[in-house]
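**Q** Structure file work_11.tsv (TSV, C-alpha atoms and all ligand atoms) is given on the next line.
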chain	number	residue	atom	x	y	z
A	1	MET	CA	73.05	-0.18	39.92
A	2	SER	CA	70.61	2.21	38.32
A	3	GLY	CA	72.42	5.12	39.96
A	4	LEU	CA	75.29	4.66	37.57
A	5	ASN	CA	73.01	4.88	34.58
A	6	LEU	CA	71.45	8.02	35.93
A	7	LYS	CA	74.89	9.57	36.39
A	8	GLY	CA	75.73	8.65	32.81
A	9	THR	CA	72.67	10.38	31.41
A	10	LEU	CA	73.11	13.48	33.52
A	11	PHE	CA	76.67	13.85	32.31
A	12	MET	CA	76.18	16.11	29.35
A	13	GLU	CA	73.12	17.99	30.50
A	14	THR	CA	73.24	21.68	31.15
A	15	THR	CA	72.99	21.90	34.89
A	16	ILE	CA	73.66	25.49	35.88
A	17	THR	CA	71.93	28.74	35.05
A	18	ALA	CA	73.41	31.89	33.54
A	19	TYR	CA	73.21	33.62	36.94
A	20	ASN	CA	75.11	30.68	38.49
A	21	TYR	CA	77.74	31.23	35.83
A	22	SER	CA	77.89	34.98	36.60
A	23	ASP	CA	78.16	34.13	40.30
A	24	ILE	CA	81.10	31.76	39.68
A	25	THR	CA	82.76	34.33	37.39
A	26	GLN	CA	82.55	36.97	40.13
A	27	LYS	CA	83.93	34.58	42.74
A	28	VAL	CA	86.90	33.69	40.52
A	29	ASN	CA	87.58	37.36	39.73
A	30	THR	CA	87.45	38.25	43.44
A	31	LEU	CA	89.90	35.42	44.17
A	32	VAL	CA	92.28	36.63	41.46
A	33	SER	CA	92.09	40.20	42.82
A	34	SER	CA	92.87	38.97	46.32
A	35	TYR	CA	96.09	37.38	45.03
A	36	LEU	CA	97.28	40.86	44.09
A	37	SER	CA	96.75	42.28	47.58
A	38	VAL	CA	97.32	39.37	49.97
A	39	ASN	CA	101.01	38.65	50.48
A	40	ASP	CA	100.68	35.88	53.02
A	41	SER	CA	100.50	32.52	51.24
A	42	ARG	CA	98.60	30.84	54.10
A	43	MET	CA	96.00	33.59	53.93
A	44	ARG	CA	95.74	33.17	50.17
A	45	ARG	CA	95.17	29.47	50.74
A	46	VAL	CA	92.31	30.15	53.17
A	47	ILE	CA	90.65	32.49	50.67
A	48	ARG	CA	91.19	30.02	47.83
A	49	ASP	CA	89.82	27.04	49.77
A	50	SER	CA	86.67	28.88	50.75
A	51	THR	CA	86.15	30.14	47.17
A	52	ILE	CA	86.57	26.61	45.82
A	53	ALA	CA	84.09	25.26	48.38
A	54	GLU	CA	81.54	27.92	47.37
A	55	ILE	CA	81.99	27.13	43.68
A	56	GLN	CA	81.79	23.37	44.27
A	57	ALA	CA	78.44	23.91	45.97
A	58	ILE	CA	77.10	25.45	42.73
A	59	LEU	CA	78.59	23.07	40.16
A	60	PRO	CA	77.33	19.52	39.56
A	61	ALA	CA	79.33	16.93	41.51
A	62	ASP	CA	80.99	13.94	39.82
A	63	ASN	CA	81.25	15.79	36.57
A	64	PRO	CA	84.47	15.88	34.50
A	65	ILE	CA	84.00	19.56	33.59
A	66	THR	CA	83.62	20.50	37.27
A	67	GLU	CA	86.63	18.40	38.23
A	68	ALA	CA	88.89	19.88	35.54
A	69	PHE	CA	87.75	23.40	36.47
A	70	ILE	CA	88.41	22.97	40.20
A	71	GLU	CA	91.81	21.40	39.46
A	72	ARG	CA	92.83	24.46	37.46
A	73	LEU	CA	91.65	26.79	40.24
A	74	LYS	CA	93.98	25.20	42.77
A	75	PRO	CA	97.37	26.71	41.86
A	76	ASP	CA	98.33	29.74	43.91
A	77	ARG	CA	98.18	33.15	42.24
A	78	LEU	CA	96.11	32.22	39.23
A	79	THR	CA	96.51	35.10	36.78
A	80	ARG	CA	93.69	37.21	35.39
A	81	LYS	CA	94.55	35.90	31.93
A	82	ALA	CA	94.43	32.26	33.08
A	83	ALA	CA	91.10	32.90	34.82
A	84	ALA	CA	89.67	34.45	31.65
A	85	ALA	CA	90.67	31.33	29.72
A	86	LEU	CA	89.39	28.98	32.42
A	87	LEU	CA	85.87	30.40	32.92
A	88	PRO	CA	84.51	29.57	29.43
A	89	THR	CA	85.33	25.87	30.02
A	90	LEU	CA	82.15	25.85	32.15
A	91	GLU	CA	79.91	26.94	29.28
A	92	PRO	CA	78.88	23.39	28.26
A	93	LEU	CA	77.19	23.16	31.68
A	94	VAL	CA	75.27	26.44	31.32
A	95	GLU	CA	71.73	26.58	29.99
A	96	PRO	CA	72.01	29.38	27.40
A	97	PHE	CA	69.37	32.03	26.79
A	98	PRO	CA	67.30	30.99	23.74
A	99	ASP	CA	68.50	32.19	20.35
A	100	LEU	CA	65.33	34.07	19.41
A	101	THR	CA	64.53	34.86	15.80
A	102	SER	CA	63.39	38.34	14.78
A	103	LYS	CA	59.93	36.85	14.22
A	104	GLN	CA	59.81	35.50	17.79
A	105	LEU	CA	60.97	38.88	19.11
A	106	SER	CA	58.31	40.73	17.10
A	107	LYS	CA	55.67	38.50	18.67
A	108	LEU	CA	56.84	39.59	22.12
A	109	PHE	CA	56.54	43.26	21.14
A	110	ARG	CA	53.45	43.26	18.93
A	111	LYS	CA	52.79	46.98	19.18
A	112	VAL	CA	56.29	48.04	18.20
A	113	LYS	CA	56.73	48.92	14.55
A	114	LYS	CA	60.22	48.20	13.18
A	115	LEU	CA	61.61	46.71	16.35
A	116	LYS	CA	65.33	47.32	16.64
A	117	GLN	CA	67.05	43.94	16.93
A	118	PRO	CA	69.49	43.03	19.69
A	119	GLU	CA	73.14	42.74	18.69
A	120	TRP	CA	73.39	38.97	18.90
A	121	ALA	CA	76.96	38.93	17.59
A	122	SER	CA	78.26	40.68	20.70
A	123	VAL	CA	76.10	38.73	23.14
A	124	ASN	CA	77.16	35.58	24.97
A	125	ARG	CA	73.90	33.72	25.58
A	126	HIS	CA	75.54	31.72	28.37
A	127	GLN	CA	75.76	34.96	30.33
A	128	LEU	CA	72.13	36.01	29.89
A	129	THR	CA	69.45	35.45	32.50
A	130	TYR	CA	67.38	37.96	30.55
A	131	LEU	CA	67.90	39.74	27.26
A	132	GLY	CA	68.01	43.53	27.18
A	133	TRP	CA	68.94	46.01	24.49
A	134	ASN	CA	68.65	49.71	23.78
A	135	ASP	CA	67.19	51.61	20.88
A	136	GLY	CA	69.21	54.75	21.43
A	137	GLY	CA	67.50	56.76	18.72
A	138	ASN	CA	64.08	56.32	20.33
A	139	GLN	CA	65.42	56.24	23.90
A	140	LYS	CA	63.79	52.87	24.42
A	141	LYS	CA	64.91	49.74	26.15
A	142	TYR	CA	63.55	46.29	25.43
A	143	LEU	CA	63.74	43.37	27.81
A	144	VAL	CA	62.89	39.72	27.30
A	145	ALA	CA	62.75	37.83	30.56
A	146	PRO	CA	61.49	34.53	31.91
A	147	TYR	CA	58.23	34.83	33.79
A	148	GLN	CA	56.18	31.89	35.06
A	149	GLY	CA	57.79	29.43	32.72
A	150	LYS	CA	57.68	31.51	29.56
A	151	LEU	CA	59.40	34.53	28.06
A	152	ILE	CA	57.72	37.92	28.20
A	153	GLY	CA	58.64	41.20	26.53
A	154	ILE	CA	58.86	44.46	28.46
A	155	GLN	CA	59.49	47.82	26.86
A	156	GLY	CA	60.05	51.19	28.39
A	157	ASP	CA	61.51	54.64	27.98
A	158	MET	CA	65.12	54.97	28.99
A	159	GLY	CA	66.09	58.32	30.46
A	160	PRO	CA	69.03	60.02	28.72
A	161	LYS	CA	70.86	60.59	32.00
A	162	THR	CA	73.18	57.99	33.50
A	163	VAL	CA	73.85	58.09	37.23
A	164	LYS	CA	75.69	55.90	39.73
A	165	ASN	CA	73.09	54.02	41.72
A	166	VAL	CA	71.78	50.57	42.62
A	167	CYS	CA	70.20	48.65	39.77
A	168	ALA	CA	66.71	47.27	40.52
A	169	ILE	CA	67.53	44.06	38.63
A	170	CYS	CA	71.08	43.04	39.59
A	171	HIS	CA	71.21	44.98	42.90
A	172	THR	CA	74.71	46.25	42.06
A	173	ILE	CA	75.91	49.85	42.12
A	174	GLY	CA	76.72	50.93	38.58
A	175	ASN	CA	75.76	53.17	35.68
A	176	VAL	CA	71.99	53.18	35.78
A	177	SER	CA	69.25	55.13	34.02
A	178	LEU	CA	65.60	55.62	34.81
A	179	PHE	CA	63.52	53.04	32.96
A	180	VAL	CA	59.87	54.03	32.77
A	181	THR	CA	57.17	51.56	31.83
A	182	THR	CA	53.48	52.09	31.34
A	183	THR	CA	51.38	49.06	32.14
A	184	LYS	CA	47.70	48.50	31.85
A	185	ALA	CA	46.35	47.96	35.36
A	186	GLY	CA	42.68	47.68	34.44
A	187	LEU	CA	40.38	48.38	31.54
A	188	GLU	CA	41.10	52.12	31.43
A	189	THR	CA	43.76	52.50	34.07
A	190	TYR	CA	47.44	52.69	33.48
A	191	THR	CA	50.31	52.59	35.92
A	192	ARG	CA	53.61	54.26	35.27
A	193	ASN	CA	56.62	52.72	36.94
A	194	GLY	CA	60.11	54.11	37.17
A	195	ASN	CA	63.08	51.97	38.11
A	196	TYR	CA	66.78	52.64	37.92
A	197	ILE	CA	68.37	49.80	35.98
A	198	CYS	CA	71.77	49.25	34.35
A	199	ARG	CA	72.05	51.11	31.07
A	200	ASP	CA	74.11	48.20	29.68
A	201	SER	CA	71.98	45.06	30.08
A	202	ASP	CA	74.85	42.71	29.16
A	203	GLN	CA	76.85	44.18	32.03
A	204	CYS	CA	73.74	43.85	34.25
A	205	ASN	CA	73.57	40.14	33.42
A	206	ARG	CA	77.22	39.67	34.32
A	207	GLN	CA	76.41	41.23	37.70
A	208	LEU	CA	73.22	39.25	38.19
A	209	THR	CA	74.01	36.39	40.56
A	210	ASP	CA	70.59	35.97	42.17
A	211	PRO	CA	67.35	35.91	40.13
A	212	GLN	CA	65.24	37.38	42.95
A	213	GLY	CA	65.80	41.02	41.92
A	214	LEU	CA	64.80	40.27	38.34
A	215	ALA	CA	61.66	38.41	39.47
A	216	GLU	CA	60.57	41.33	41.68
A	217	PHE	CA	61.32	43.84	38.95
A	218	ILE	CA	59.20	41.91	36.42
A	219	GLU	CA	56.38	41.69	38.95
A	220	THR	CA	56.26	45.52	39.18
A	221	VAL	CA	56.53	46.30	35.48
A	222	ARG	CA	54.63	43.52	33.75
A	223	SER	CA	51.20	44.11	32.33
A	224	LYS	CA	48.57	43.24	34.93
A	225	ARG	CA	45.95	42.09	32.47
A	301	ZN	ZN	71.81	45.76	36.71
Could you spell out this file's structure in structure tokens?

**A**
Amino acid sequence: MSGLNLKGTLFMETTITAYNYSDITQKVNTLVSSYLSVNDSRMRRVIRDSTIAEIQAILPADNPITEAFIERLKPDRLTRKAAAALLPTLEPLVEPFPDLTSKQLSKLFRKVKKLKQPEWASVNRHQLTYLGWNDGGNQKKYLVAPYQGKLIGIQGDMGPKTVKNVCAICHTIGNVSLFVTTTKAGLETYTRNGNYICRDSDQCNRQLTDPQGLAEFIETVRSKR
């Protein structure tokens, strides 16, 4: 049957997004935390079964990586250490953020002289739905995000103050700063937009489990012409 062939070809393809991966990571971490507070083993089983069902709904079915992962989630009281070792086994399924060269980045920020480069060495591209980094000296933040099938660059001023509030991108309460962008709205008109977003964009990505917030954020700050 042709179905078998199809299954064979789909096998090694990357089938989940970085925000799916962040979502699964959060679900596993919540499960591990619940083991520390729930003493009743039947209750732990209920929590575990529902977490596994939620994760199975995200991962590709009939896939050896999925099957091995779910198998290792089944033992009671999985430790934090075991969870940390288990999660990266999903990375072959995750579509990573593109490894952009400095030339490609410069093209996204044409007007910026001497663009500070992101710290690629400390970034896990499997955990990035968008790329964001700070230029502390100039109090700037740079974002590269998918928009209508391509990547766009967004730059803005990052306020020096950090407060606890909801991030406009990941919709999580955390350490956010005011990010102010100036976009051209017409020939001579400019719009200034201020949004509180996570100061640490890598942390923001780890909290980003639904791309809707990012899409809405880009819609407000992108250049309108
Ligand atoms: Zn955030």

**Q** Which one of A:Ile154, A:Ile55, A:Ile197, A:Ile47 sits closest to ligand ZN 301 (chain A) if you count all atoms listed in the file?

**A**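 Ranked by minimum distance to ligand ZN 301 (chain A), first place goes to A:Ile197.
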
**Q** Just to confirm, what's the straight-line distance from atom CA of A:Ser177 to atom CA of A:Ser201 in Å (one decimal)?

**A**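 If I compute the distance from atom CA of A:Ser177 to atom CA of A:Ser201, I get 11.2 Å.
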
**Q** Between chain A and ligand ZN 301 (chain A), at 8 Å or less, what are the per-residue closest atom pairs and their distances in Å? Count all atoms listed in the file, order by chain and rising residue number, and return it as JSON lines.

**A**
{"residue": "A:Val166", "atom": "CA", "partner": "A:ZN301", "partner_atom": "ZN", "distance": 7.6}
{"residue": "A:Cys167", "atom": "CA", "partner": "A:ZN301", "partner_atom": "ZN", "distance": 4.5}
{"residue": "A:Ala168", "atom": "CA", "partner": "A:ZN301", "partner_atom": "ZN", "distance": 6.5}
{"residue": "A:Ile169", "atom": "CA", "partner": "A:ZN301", "partner_atom": "ZN", "distance": 5.0}
{"residue": "A:Cys170", "atom": "CA", "partner": "A:ZN301", "partner_atom": "ZN", "distance": 4.0}
{"residue": "A:His171", "atom": "CA", "partner": "A:ZN301", "partner_atom": "ZN", "distance": 6.3}
{"residue": "A:Thr172", "atom": "CA", "partner": "A:ZN301", "partner_atom": "ZN", "distance": 6.1}
{"residue": "A:Ile173", "atom": "CA", "partner": "A:ZN301", "partner_atom": "ZN", "distance": 7.9}
{"residue": "A:Gly174", "atom": "CA", "partner": "A:ZN301", "partner_atom": "ZN", "distance": 7.4}
{"residue": "A:Val176", "atom": "CA", "partner": "A:ZN301", "partner_atom": "ZN", "distance": 7.5}
{"residue": "A:Ile197", "atom": "CA", "partner": "A:ZN301", "partner_atom": "ZN", "distance": 5.4}
{"residue": "A:Cys198", "atom": "CA", "partner": "A:ZN301", "partner_atom": "ZN", "distance": 4.2}
{"residue": "A:Arg199", "atom": "CA", "partner": "A:ZN301", "partner_atom": "ZN", "distance": 7.8}
{"residue": "A:Asp200", "atom": "CA", "partner": "A:ZN301", "partner_atom": "ZN", "distance": 7.8}
{"residue": "A:Ser201", "atom": "CA", "partner": "A:ZN301", "partner_atom": "ZN", "distance": 6.7}
{"residue": "A:Gln203", "atom": "CA", "partner": "A:ZN301", "partner_atom": "ZN", "distance": 7.1}
{"residue": "A:Cys204", "atom": "CA", "partner": "A:ZN301", "partner_atom": "ZN", "distance": 3.7}
{"residue": "A:Asn205", "atom": "CA", "partner": "A:ZN301", "partner_atom": "ZN", "distance": 6.7}
{"residue": "A:Gln207", "atom": "CA", "partner": "A:ZN301", "partner_atom": "ZN", "distance": 6.5}
{"residue": "A:Leu208", "atom": "CA", "partner": "A:ZN301", "partner_atom": "ZN", "distance": 6.8}

**Q** Write out, as a Markdown table, each residue of stretch 115-217 of chain A that has an atom at most 7 Å from stretch 14-35 of chain A, together with the closest pair of atoms and their distance in Å to one decimal, counting all atoms listed in the file, rows going by chain and rising number.

**A**
| residue | atom | partner | partner_atom | distance |
| --- | --- | --- | --- | --- |
| A:His126 | CA | A:Ala18 | CA | 5.6 |
| A:Gln127 | CA | A:Ala18 | CA | 5.0 |
| A:Leu128 | CA | A:Ala18 | CA | 5.7 |
| A:Thr129 | CA | A:Ala18 | CA | 5.4 |
| A:Arg206 | CA | A:Ser22 | CA | 5.3 |
| A:Gln207 | CA | A:Ser22 | CA | 6.5 |
| A:Leu208 | CA | A:Tyr19 | CA | 5.8 |
| A:Thr209 | CA | A:Tyr19 | CA | 4.6 |
| A:Asp210 | CA | A:Tyr19 | CA | 6.3 |

**Q** What does the file look like for those residues with C-alpha atoms, as a compact mmCIF listing (two decimals), in the frame of the given file?

**A**
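File part-v1.txt, as written:
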# COMPACT_ATOMS: atom_id res chain seq x y z
CA HIS A 126 75.54 31.72 28.37
CA GLN A 127 75.76 34.96 30.33
CA LEU A 128 72.13 36.01 29.89
CA THR A 129 69.45 35.45 32.50
CA ARG A 206 77.22 39.67 34.32
CA GLN A 207 76.41 41.23 37.70
CA LEU A 208 73.22 39.25 38.19
CA THR A 209 74.01 36.39 40.56
CA ASP A 210 70.59 35.97 42.17

**Q** Give the answer as one residue: which of A:Leu78, A:Lys116, A:Gly132, A:Ser106 has the shortest atom-to-atom distance to A:Arg44, using all atoms listed in the file?

**A**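 Among the listed residues, the smallest separation from A:Arg44 belongs to A:Leu78.
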
**Q** Report as a ChimeraX atom specification all protein, DNA and RNA residues lying within 8 Å of stretch 156-159 of chain A, evaluated on only C-alpha atoms, omitting residues in the same chain fewer than 3 positions from it.

**A** /A:139-142,162,177-182
